[in-house]
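Okay, so here's the structure we're looking at.
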Amino acid sequence: MRIKLEKRPEPSTLMAFATPIASVLLTMAIGVVVFDALGIKGEKAVIDIFLTPLLSSYKWQDVAVKAAPLIIIALGLSIGNRAQVWNIGAEGQYIIGALAAAGVGIAAGGAGGGIIITLMILAGIAGGTAWAVLPAFLKTRLNVNEILSTLMLTYVALQVLGYLVGGPWKDPNGRNFPATAPLHADQTLPILFPGTTVHLGVAIALVLPFVFWLIMSRSVFGFQIRVVGSAPDAARHGGFDAKQTIWLSLLIGGAMAGLAGALEFAGALKAINLGFPSGYGFTAIIVSFLGRLNPIGCLIAGVVLAVTYVGGQVAQTTVHIPNSTAGIFQAMMLFFILASDILIRYRVRFVGSPKASALPAAGE
Amino acid sequence: MANEPMARLELKSITKRFPGVLANDQVSFSVQPGEIHALLGENGAGKSTLVKMIYGIMQPDGGEIRWNGERIVVANPKAARKLGIGMVFQHFSLFEAMTVLENIALGMDAKIPARELEARIKEVMTQYGLKLEPHRIVSTLSVGERQRIEIVRALLLNPKLLIMDEPTSVLTPQEVEQLFVVLRQLASEGCSILYISHKLHEIKALCHTATILRGGKLVDTCNPSVETSRSMAEKMIGGNLKTIEKAEGRKVGREKLIVNRLNMPARSHFGVSLKDITFTVREGEIFGIAGVAGNGQNALLLALSGETLTDDPGAITVDGAQLGRLTAKQRRLAGVSSVPEERNGHAAVPEFTLADNSVLTARDRLGMVKAGLIDHKAARTYAGEVISTFAVKALGPGSTAGSLSGGNLQKYIMGREIMQNPAVLVVSQPTWGVDAGAAAAIHQALVDLAASGSAIVVISQDLDELLSLCDTLAVINEGRLSPAMKVADADIEEIGLLMGGVHGDPAATANLHPEVAHAH
Ligand SMILES: Nc1ncnc2c1ncn2[C@@H]1O[C@H](COP(=O)(O)OP(=O)(O)OP(=O)(O)O)[C@@H](O)[C@H]1O
Ligand SMILES: [Mg+2]
């Protein structure tokens, strides 16, 4: 008995839906086994990480607030991933977006209200976009690999963050921690449901997937991204400019990450300290692939990943496993989803030993 | 049954169904040892599907395959090779930057030491008179030589059955002759050959028996040597074959497309550069470009379509407007359409629907875009029109391009461009892999388009096609274009000489001008 991969005549739609779900389930199953082996109650840990946040209604707002930035960043990254332009530096673009929003807030002094908040958000978008300009320039002009340049710029962004919050923007009234002053109350995003932490950014994260879905399925731009991703020569033949595609997909990725940073800052954290970057920019890469680069898929996958963040904290207190466990689960999901991608184009067949297959099949 | 000689391969009621099509419907026939057996049929008749099942790429839904009298299941190509079934595809899977030897070694199921393998390759080559230098880099080889690598690869396994799916569409007439010598020798040694081609005169010259498929069903078996090309074509389509109608005394008009000293550096290490290409095509004229593959035809098509740009705006003009620096999109709007030779992944996106593939090149000219949004309905309607006008066998505008048979996709792509009524149409290999009936329809459509005042450039390796279709002809060799000549008073000998050049004969390339062979 042997396992063999056979190319499918057409990519399987069923598998495109089934593999993300299977990846999550497989991750949970392996989690149980591994934790049990480590002497921790595996079942309890996995239930806490994956189910408790969904089953206990008081955790829902945490999930929503955590999902918002993941979804928004993943939407932008999915465009690049589809066009085979790999932006690994959303984390840096997210940081710069937040800093730009903070800069507007600081410059506005005590002023607040809708206009200032809008300006802060726009500044966030501009900041994230600006951070993607250099990789796009280097890629189109000098053919510098964007994986490296975007990733390296993330570390530059961290340095900028450290410099600003530890220097010019340090809270004069704080206890000398490297952190900005808390945002004025009227510079923060409106709360959607009084008494919760669910802010305007969550609504934006709910609406944007549908906007992106329309763009990808109906617009010429979405068509261009799809053609470039599947057949670059055909894209050139169809009159789509390869460099323009690289520019647009990197800039949109940057813009969305910057937007997420601004919303997270003005809606959830309200101050920036050295702990501001929490890996959303990297986790969003997982969201993008788990969501099959599909905008609605990103919405669902963003919620799944947010659940593991919140659940990780739950498990920390209930079964005493480190918070970073959630990261292991997230990475496992990415691994499974990428590995199972092959099932969309190939099918697994169990065949007899190679000798038997070439022998007469008499008596069948 | 016991009295009959045992067939090498016998198919019994083979059936294969794809969503919406019955690609093979109860097909039964047999191939004897040493027989060269042709498989004929229109585009989409199910020929490729049938041989893919014999070679184990696909599994039949019904029926049985017998090999030397015994029922077998061919689980995969490796199992097929083990039985002694070899296959040469139209598209080769070779690594450009590696040597012939390395490529062959990579394709072997069993690991054989390089030295031993080289000895065996040399043995096979001398046995069949195949000229091939094992240490040449593949990128320096002509298409015919590349095919020889695939053939050697198959012969190393001592095949009892060799399957060839449209092997000659990419070969020059000389290369075809050389291939036939090898195939005849193989057959005389007892190897059976299953041969698919749309070139009926080749079938007549080579094959002992022909099985004809139509709509997945076996409709006839005949002896090609007593049939004419026309009678076989009519058996395939089940009707009468039309001949091209060229209006007599057709006049060509003003100069439309002028290419003046077009230069283009090679795109890659393996590409060919264009040198001072100059020609003029008038309104209503069909201008043919003959030549052996790999002499700059692709580069010329890309330069005309705008996929590569020249620095000299005046190198290409249409109706006096300078196009040299305009992009592909702008050139389409200016009325220049093109069809590159590679249909999968260049002219069309295999995983997209036919409707989406019409958006690819027709969106601007036919107004399929409004305010940045695609009018999918208009795209579907247009794709539907192309499908019905060009008799493309497809379920509808929603079928993916990749699910069409090779020839049907070609018909769709040609139709997609022709029905946009371009002022200038540049096509490469317009009838590659297209059956006789459809080829006539495509030729007629090109003639009609010219009659309506368009200027047409046809790049083809098929000299017969060019001579019957074109008004004017030039030959491309090593990236240079010969002066144009009227087809009416063209001298075949001279064209042959121009085409052959140094490039046409691979042996001459290898021995006499090594620097030429490596220069591109
Ligand atoms: N993978 C597939 N999925 C769906 N339909 C397919 C697939 N492959 C082939 N077909 C359909 O099966 C039929 C037969 O196709 P096949 O490729 O065997 O034709 P063919 O005789 O080789 O034609 P051609 O001369 O154009 O190469 C066609 O209608 C084609 O559209
Ligand atoms: Mg075929």
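In the structure tokens, chains take letters A, B, ... by order of appearance, with residues numbered from 1 within each chain and ligands from 1 in the order shown.
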At a cut-off of 9 Å and counting only C-alpha atoms and all ligand atoms, what residues surround ligand 1? Please answer as a short mmCIF file (atom, residue, chain, number, x, y, z; two decimals) with N, CA, C and O atoms, in the first residue's frame.
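The result, stored in out.cif:
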data_model
loop_
_atom_site.label_atom_id
_atom_site.label_comp_id
_atom_site.auth_asym_id
_atom_site.auth_seq_id
_atom_site.Cartn_x
_atom_site.Cartn_y
_atom_site.Cartn_z
N ARG A 8 -5.44 16.80 -9.97
CA ARG A 8 -6.85 16.89 -10.32
C ARG A 8 -6.98 17.63 -11.64
O ARG A 8 -6.22 18.54 -11.92
N PRO A 9 -7.97 17.23 -12.44
CA PRO A 9 -8.19 17.98 -13.70
C PRO A 9 -8.50 19.44 -13.41
O PRO A 9 -8.07 20.32 -14.13
N GLU A 10 -9.25 19.72 -12.36
CA GLU A 10 -9.54 21.10 -11.99
C GLU A 10 -9.37 21.24 -10.49
O GLU A 10 -9.64 20.31 -9.75
N LYS B 16 -14.97 7.72 -20.81
CA LYS B 16 -14.48 8.71 -19.86
C LYS B 16 -15.40 9.92 -19.88
O LYS B 16 -15.69 10.46 -20.95
N ARG B 17 -15.84 10.30 -18.72
CA ARG B 17 -16.79 11.39 -18.63
C ARG B 17 -16.17 12.54 -17.85
O ARG B 17 -15.52 12.33 -16.83
N PHE B 18 -16.31 13.76 -18.37
CA PHE B 18 -15.98 14.95 -17.60
C PHE B 18 -17.29 15.65 -17.30
O PHE B 18 -18.28 15.39 -17.98
N PRO B 19 -17.28 16.56 -16.34
CA PRO B 19 -18.54 17.25 -16.04
C PRO B 19 -19.12 17.85 -17.33
O PRO B 19 -18.51 18.69 -17.96
N GLY B 20 -20.25 17.35 -17.76
CA GLY B 20 -20.91 17.94 -18.93
C GLY B 20 -20.49 17.38 -20.27
O GLY B 20 -21.11 17.69 -21.27
N VAL B 21 -19.42 16.60 -20.35
CA VAL B 21 -19.02 16.01 -21.64
C VAL B 21 -18.66 14.56 -21.48
O VAL B 21 -18.05 14.15 -20.49
N LEU B 22 -19.02 13.83 -22.51
CA LEU B 22 -18.60 12.45 -22.59
C LEU B 22 -17.40 12.47 -23.53
O LEU B 22 -17.55 12.54 -24.74
N ALA B 23 -16.19 12.47 -22.96
CA ALA B 23 -15.00 12.65 -23.80
C ALA B 23 -14.69 11.40 -24.60
O ALA B 23 -14.21 11.47 -25.73
N ASN B 24 -14.95 10.23 -24.03
CA ASN B 24 -14.80 8.96 -24.76
C ASN B 24 -16.02 8.11 -24.48
O ASN B 24 -16.41 7.95 -23.33
N LEU B 39 -4.61 8.20 -34.72
CA LEU B 39 -5.84 8.52 -34.01
C LEU B 39 -6.26 9.88 -34.53
O LEU B 39 -5.56 10.87 -34.34
N LEU B 40 -7.38 9.91 -35.25
CA LEU B 40 -7.81 11.15 -35.89
C LEU B 40 -9.10 11.64 -35.28
O LEU B 40 -9.87 10.86 -34.73
N GLY B 41 -9.35 12.91 -35.45
CA GLY B 41 -10.62 13.45 -34.98
C GLY B 41 -10.54 14.95 -34.85
O GLY B 41 -9.45 15.52 -34.73
N GLU B 42 -11.71 15.56 -34.86
CA GLU B 42 -11.77 17.01 -34.70
C GLU B 42 -11.26 17.42 -33.33
O GLU B 42 -11.11 16.58 -32.45
N ASN B 43 -11.11 18.73 -33.16
CA ASN B 43 -10.74 19.24 -31.84
C ASN B 43 -11.81 18.86 -30.84
O ASN B 43 -12.99 19.06 -31.08
N GLY B 44 -11.36 18.29 -29.74
CA GLY B 44 -12.32 17.91 -28.70
C GLY B 44 -12.95 16.56 -28.94
O GLY B 44 -13.87 16.18 -28.22
N ALA B 45 -12.46 15.81 -29.94
CA ALA B 45 -13.05 14.51 -30.22
C ALA B 45 -12.70 13.50 -29.13
O ALA B 45 -13.35 12.46 -29.01
N GLY B 46 -11.66 13.79 -28.36
CA GLY B 46 -11.32 12.90 -27.25
C GLY B 46 -10.03 12.13 -27.44
O GLY B 46 -9.79 11.16 -26.72
N LYS B 47 -9.19 12.56 -28.38
CA LYS B 47 -7.95 11.83 -28.66
C LYS B 47 -6.97 11.91 -27.49
O LYS B 47 -6.47 10.88 -27.02
N SER B 48 -6.71 13.12 -27.02
CA SER B 48 -5.75 13.25 -25.92
C SER B 48 -6.24 12.52 -24.69
O SER B 48 -5.47 11.87 -23.98
N THR B 49 -7.53 12.64 -24.42
CA THR B 49 -8.09 11.96 -23.25
C THR B 49 -7.84 10.46 -23.33
O THR B 49 -7.44 9.82 -22.36
N LEU B 50 -8.05 9.91 -24.52
CA LEU B 50 -7.89 8.46 -24.68
C LEU B 50 -6.44 8.03 -24.40
O LEU B 50 -6.20 7.08 -23.65
N VAL B 51 -5.49 8.74 -24.98
CA VAL B 51 -4.10 8.29 -24.78
C VAL B 51 -3.63 8.58 -23.35
O VAL B 51 -2.78 7.87 -22.82
N LYS B 52 -4.21 9.61 -22.73
CA LYS B 52 -3.83 9.85 -21.34
C LYS B 52 -4.24 8.68 -20.46
O LYS B 52 -3.59 8.38 -19.47
N ASP B 165 1.45 12.53 -29.14
CA ASP B 165 0.30 13.43 -29.26
C ASP B 165 0.73 14.70 -29.96
O ASP B 165 1.45 15.52 -29.39
N GLU B 166 0.34 14.87 -31.20
CA GLU B 166 0.69 16.02 -32.03
C GLU B 166 2.18 16.36 -31.97
O GLU B 166 2.56 17.45 -31.57
N ILE B 196 -1.04 10.77 -32.97
CA ILE B 196 -2.13 11.75 -33.10
C ILE B 196 -1.61 12.95 -33.88
O ILE B 196 -0.54 13.49 -33.56
N SER B 197 -2.32 13.36 -34.91
CA SER B 197 -1.92 14.56 -35.63
C SER B 197 -3.11 15.10 -36.40
O SER B 197 -4.04 14.37 -36.74
N HIS B 198 -3.07 16.41 -36.65
CA HIS B 198 -4.10 16.99 -37.52
C HIS B 198 -3.59 17.13 -38.94
O HIS B 198 -4.30 17.58 -39.82
N LEU B 213 -12.22 9.34 -34.45
CA LEU B 213 -13.16 9.62 -33.36
C LEU B 213 -13.97 10.87 -33.72
O LEU B 213 -13.46 11.79 -34.36
N ARG B 214 -15.22 10.84 -33.34
CA ARG B 214 -16.02 12.06 -33.46
C ARG B 214 -16.92 12.13 -32.24
O ARG B 214 -17.61 11.16 -31.93
N GLY B 215 -16.86 13.25 -31.53
CA GLY B 215 -17.67 13.42 -30.33
C GLY B 215 -17.45 12.30 -29.33
O GLY B 215 -18.37 11.88 -28.65
N GLY B 216 -16.22 11.80 -29.24
CA GLY B 216 -15.90 10.78 -28.26
C GLY B 216 -16.19 9.36 -28.73
O GLY B 216 -15.78 8.41 -28.08
N LYS B 393 -16.09 24.07 -29.08
CA LYS B 393 -16.76 23.06 -28.27
C LYS B 393 -16.49 23.36 -26.81
O LYS B 393 -15.42 23.09 -26.29
N ALA B 394 -17.45 23.97 -26.15
CA ALA B 394 -17.32 24.28 -24.73
C ALA B 394 -18.73 24.29 -24.17
O ALA B 394 -19.69 24.52 -24.89
N LEU B 395 -18.83 24.06 -22.86
CA LEU B 395 -20.17 24.03 -22.27
C LEU B 395 -20.81 25.41 -22.32
O LEU B 395 -22.01 25.55 -22.40
N SER B 399 -17.24 27.93 -18.77
CA SER B 399 -16.22 26.87 -18.73
C SER B 399 -14.85 27.49 -18.53
O SER B 399 -14.58 28.57 -19.05
N THR B 400 -13.98 26.80 -17.82
CA THR B 400 -12.63 27.33 -17.69
C THR B 400 -11.87 27.05 -18.99
O THR B 400 -12.12 26.05 -19.67
N ALA B 401 -10.94 27.94 -19.30
CA ALA B 401 -10.15 27.78 -20.52
C ALA B 401 -9.40 26.45 -20.48
O ALA B 401 -9.24 25.78 -21.50
N GLY B 402 -8.95 26.06 -19.28
CA GLY B 402 -8.17 24.85 -19.16
C GLY B 402 -8.95 23.58 -19.42
O GLY B 402 -8.37 22.52 -19.64
N SER B 403 -10.28 23.66 -19.42
CA SER B 403 -11.06 22.43 -19.64
C SER B 403 -11.32 22.20 -21.12
O SER B 403 -11.86 21.18 -21.51
N LEU B 404 -10.93 23.17 -21.98
CA LEU B 404 -11.12 22.98 -23.42
C LEU B 404 -9.99 22.13 -23.99
O LEU B 404 -8.87 22.17 -23.49
N SER B 405 -10.29 21.41 -25.08
CA SER B 405 -9.21 20.69 -25.76
C SER B 405 -8.33 21.74 -26.42
O SER B 405 -8.74 22.89 -26.62
N GLY B 406 -7.08 21.34 -26.72
CA GLY B 406 -6.10 22.30 -27.25
C GLY B 406 -6.63 23.10 -28.42
O GLY B 406 -6.56 24.33 -28.45
N GLY B 407 -7.18 22.41 -29.41
CA GLY B 407 -7.64 23.09 -30.60
C GLY B 407 -8.82 24.00 -30.35
O GLY B 407 -8.95 25.06 -30.97
N ASN B 408 -9.70 23.61 -29.45
CA ASN B 408 -10.86 24.45 -29.17
C ASN B 408 -10.47 25.73 -28.47
O ASN B 408 -11.05 26.78 -28.72
N LEU B 409 -9.47 25.67 -27.60
CA LEU B 409 -9.01 26.89 -26.95
C LEU B 409 -8.40 27.82 -28.00
O LEU B 409 -8.62 29.03 -27.99
N GLN B 410 -7.65 27.23 -28.93
CA GLN B 410 -7.06 28.03 -30.00
C GLN B 410 -8.15 28.73 -30.81
O GLN B 410 -8.05 29.91 -31.13
N GLY B 433 -2.54 22.81 -33.80
CA GLY B 433 -3.38 21.85 -33.09
C GLY B 433 -4.84 21.96 -33.43
O GLY B 433 -5.68 21.44 -32.73
N VAL B 434 -5.15 22.68 -34.52
CA VAL B 434 -6.55 22.87 -34.89
C VAL B 434 -6.88 21.88 -36.01
O VAL B 434 -6.08 21.67 -36.90
N ASP B 435 -8.06 21.25 -35.96
CA ASP B 435 -8.39 20.25 -36.98
C ASP B 435 -8.65 20.91 -38.33
O ASP B 435 -8.81 22.12 -38.43
#
Using DSSP on the backbone coordinates, identify the residues of stretch 461-495 of chain B assigned to alpha helix (DSSP H); present them as JSON, numbers by chain.
-> {"B": [463, 464, 465, 466, 467, 468, 469, 492, 493, 494, 495]}
If we count only C-alpha atoms, what is near A:Ala266 at a cut-off of 7 Å, once residues fewer than 4 positions away on the same chain are taken out, given as a PyMOL selection string?
-> chain A and resi 188-189+262+270
Give me the residues within 10 Å of A:Thr245 as a list in words, counting only C-alpha atoms and dropping any in the same chain fewer than 5 places off.
->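 That gives Ile79, Gly80, Ala83, Gln84, Val85, Ala136, Thr140, Phe221, Gln224, Ile225, Val228, Gly229, Phe240, Leu250 and Leu251 of chain A.
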Chain B contacts to chain A at 6 Å (only C-alpha atoms) as a ChimeraX atom specification = /B:71-72,75,79,307,328-329,345-347,360-361,372-374
Show which residues sit within 8 Å of A:Trp131, as an NGL selection string. Count only C-alpha atoms, and ignore same-chain residues fewer than 5 positions away.
-> :A and (92-93 or 96 or 153 or 254)
Dump N, CA and C atoms for the selected residues as an mmCIF file, in the first residue's frame?
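out.cif, freshly written:
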data_model
loop_
_atom_site.group_PDB
_atom_site.id
_atom_site.type_symbol
_atom_site.label_atom_id
_atom_site.label_comp_id
_atom_site.auth_asym_id
_atom_site.auth_seq_id
_atom_site.Cartn_x
_atom_site.Cartn_y
_atom_site.Cartn_z
ATOM 1 N N GLY A 92 5.544 46.400 10.810
ATOM 2 C CA GLY A 92 6.192 47.713 10.788
ATOM 3 C C GLY A 92 5.252 48.789 10.276
ATOM 4 N N GLN A 93 4.487 48.465 9.239
ATOM 5 C CA GLN A 93 3.545 49.439 8.681
ATOM 6 C C GLN A 93 2.453 49.760 9.706
ATOM 7 N N ILE A 96 4.030 52.175 12.281
ATOM 8 C CA ILE A 96 4.159 53.539 11.765
ATOM 9 C C ILE A 96 2.778 54.184 11.636
ATOM 10 N N LEU A 153 12.377 46.567 7.297
ATOM 11 C CA LEU A 153 11.796 47.861 7.671
ATOM 12 C C LEU A 153 10.958 47.745 8.947
ATOM 13 N N GLY A 254 0.301 48.229 2.923
ATOM 14 C CA GLY A 254 0.781 49.206 3.899
ATOM 15 C C GLY A 254 -0.362 50.058 4.434
#
Go through A:Ala271, A:Val144, A:Val287, A:Ala22 and flag the residue nearest A:Ala339, using only C-alpha atoms for the distances.
-> A:Ala22
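Closest approach to B:Val152 among B:Asn477, B:Thr221, B:Ser468, B:Asn103: B:Asn103, based on only C-alpha atoms.
Residues in contact with B:Asp109 at 10 Å, where only C-alpha atoms are counted and same-chain residues fewer than 6 positions away are skipped, are listed as B:Lys78, B:Arg81, B:Lys82, B:Leu157.
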Output N, CA and C atoms for every residue in that selection, as a short mmCIF file (atom, residue, chain, number, x, y, z; two decimals), in the first residue's frame.
data_model
loop_
_atom_site.label_atom_id
_atom_site.label_comp_id
_atom_site.auth_asym_id
_atom_site.auth_seq_id
_atom_site.Cartn_x
_atom_site.Cartn_y
_atom_site.Cartn_z
N LYS B 78 4.29 5.90 -14.41
CA LYS B 78 5.42 5.05 -14.07
C LYS B 78 5.09 3.58 -14.35
N ARG B 81 5.25 3.06 -18.05
CA ARG B 81 6.62 2.90 -18.55
C ARG B 81 7.14 1.51 -18.23
N LYS B 82 6.76 1.01 -17.08
CA LYS B 82 7.20 -0.30 -16.68
C LYS B 82 6.68 -1.38 -17.60
N LEU B 157 13.73 3.08 -22.69
CA LEU B 157 12.94 2.10 -21.94
C LEU B 157 12.55 0.92 -22.81
#
DSSP-assigned strand (DSSP E or B) members of stretch 30-59 of chain B, reported as a PyMOL selection string | chain B and resi 30-31+36-41
Next, dump the selected residues to file, keeping only N, CA and C atoms, as a PDB file, in the first residue's frame.
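Wrote part_19.pdb, looks like this:
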ATOM      1  N   SER B  30      -7.898  -1.972 -31.555  1.00  0.00           N
ATOM      2  CA  SER B  30      -6.666  -2.593 -31.086  1.00  0.00           C
ATOM      3  C   SER B  30      -5.501  -2.188 -31.969  1.00  0.00           C
ATOM      4  N   VAL B  31      -4.318  -2.289 -31.417  1.00  0.00           N
ATOM      5  CA  VAL B  31      -3.091  -1.931 -32.116  1.00  0.00           C
ATOM      6  C   VAL B  31      -2.199  -3.166 -32.127  1.00  0.00           C
ATOM      7  N   ILE B  36       1.780   1.232 -37.060  1.00  0.00           N
ATOM      8  CA  ILE B  36       1.707   2.670 -36.775  1.00  0.00           C
ATOM      9  C   ILE B  36       0.253   3.065 -36.944  1.00  0.00           C
ATOM     10  N   HIS B  37      -0.368   3.383 -35.843  1.00  0.00           N
ATOM     11  CA  HIS B  37      -1.813   3.535 -35.799  1.00  0.00           C
ATOM     12  C   HIS B  37      -2.162   5.000 -35.539  1.00  0.00           C
ATOM     13  N   ALA B  38      -2.896   5.606 -36.472  1.00  0.00           N
ATOM     14  CA  ALA B  38      -3.243   7.009 -36.294  1.00  0.00           C
ATOM     15  C   ALA B  38      -4.543   7.140 -35.522  1.00  0.00           C
ATOM     16  N   LEU B  39      -4.612   8.197 -34.718  1.00  0.00           N
ATOM     17  CA  LEU B  39      -5.836   8.516 -34.006  1.00  0.00           C
ATOM     18  C   LEU B  39      -6.259   9.879 -34.533  1.00  0.00           C
ATOM     19  N   LEU B  40      -7.377   9.907 -35.247  1.00  0.00           N
ATOM     20  CA  LEU B  40      -7.805  11.153 -35.887  1.00  0.00           C
ATOM     21  C   LEU B  40      -9.103  11.639 -35.276  1.00  0.00           C
ATOM     22  N   GLY B  41      -9.347  12.913 -35.447  1.00  0.00           N
ATOM     23  CA  GLY B  41     -10.617  13.452 -34.976  1.00  0.00           C
ATOM     24  C   GLY B  41     -10.540  14.951 -34.846  1.00  0.00           C
TER      25      GLY B  41
END
List the neighbours of stretch 108-116 of chain A out to 8 Å using only C-alpha atoms; skip same-chain residues closer than 4 positions along the sequence, and give me the result as a ChimeraX atom specification.
-> /A:104,120,184,186-187
Dump all heavy atoms for the selected residues as a short mmCIF file (atom, residue, chain, number, x, y, z; two decimals), in the first residue's frame?
data_model
loop_
_atom_site.label_atom_id
_atom_site.label_comp_id
_atom_site.auth_asym_id
_atom_site.auth_seq_id
_atom_site.Cartn_x
_atom_site.Cartn_y
_atom_site.Cartn_z
N VAL A 104 -0.60 63.10 14.98
CA VAL A 104 -1.68 64.05 14.71
C VAL A 104 -2.37 64.41 16.01
O VAL A 104 -2.66 65.59 16.28
CB VAL A 104 -2.68 63.45 13.69
CG1 VAL A 104 -3.92 64.32 13.59
CG2 VAL A 104 -2.02 63.32 12.33
N MET A 120 -6.58 61.66 12.23
CA MET A 120 -5.69 60.67 12.82
C MET A 120 -5.73 59.37 12.02
O MET A 120 -4.70 58.75 11.74
CB MET A 120 -6.09 60.39 14.28
CG MET A 120 -5.71 61.53 15.23
SD MET A 120 -6.51 61.38 16.84
CE MET A 120 -5.80 59.86 17.43
N HIS A 184 -6.40 61.98 24.70
CA HIS A 184 -7.55 62.71 25.24
C HIS A 184 -8.82 61.93 24.96
O HIS A 184 -8.95 61.31 23.91
CB HIS A 184 -7.67 64.07 24.55
CG HIS A 184 -6.66 65.04 25.04
ND1 HIS A 184 -6.77 65.69 26.25
CD2 HIS A 184 -5.51 65.45 24.47
CE1 HIS A 184 -5.71 66.46 26.40
NE2 HIS A 184 -4.92 66.34 25.34
N ASP A 186 -11.66 62.86 23.99
CA ASP A 186 -12.38 63.18 22.75
C ASP A 186 -11.52 63.00 21.50
O ASP A 186 -11.86 63.43 20.42
CB ASP A 186 -13.00 64.58 22.82
CG ASP A 186 -12.02 65.59 23.34
OD1 ASP A 186 -10.84 65.20 23.56
OD2 ASP A 186 -12.40 66.77 23.52
N GLN A 187 -10.36 62.36 21.68
CA GLN A 187 -9.59 61.94 20.51
C GLN A 187 -9.70 60.43 20.29
O GLN A 187 -9.11 59.88 19.35
CB GLN A 187 -8.11 62.32 20.66
CG GLN A 187 -7.85 63.82 20.52
CD GLN A 187 -6.38 64.16 20.63
OE1 GLN A 187 -5.59 63.36 21.11
NE2 GLN A 187 -6.02 65.36 20.21
#
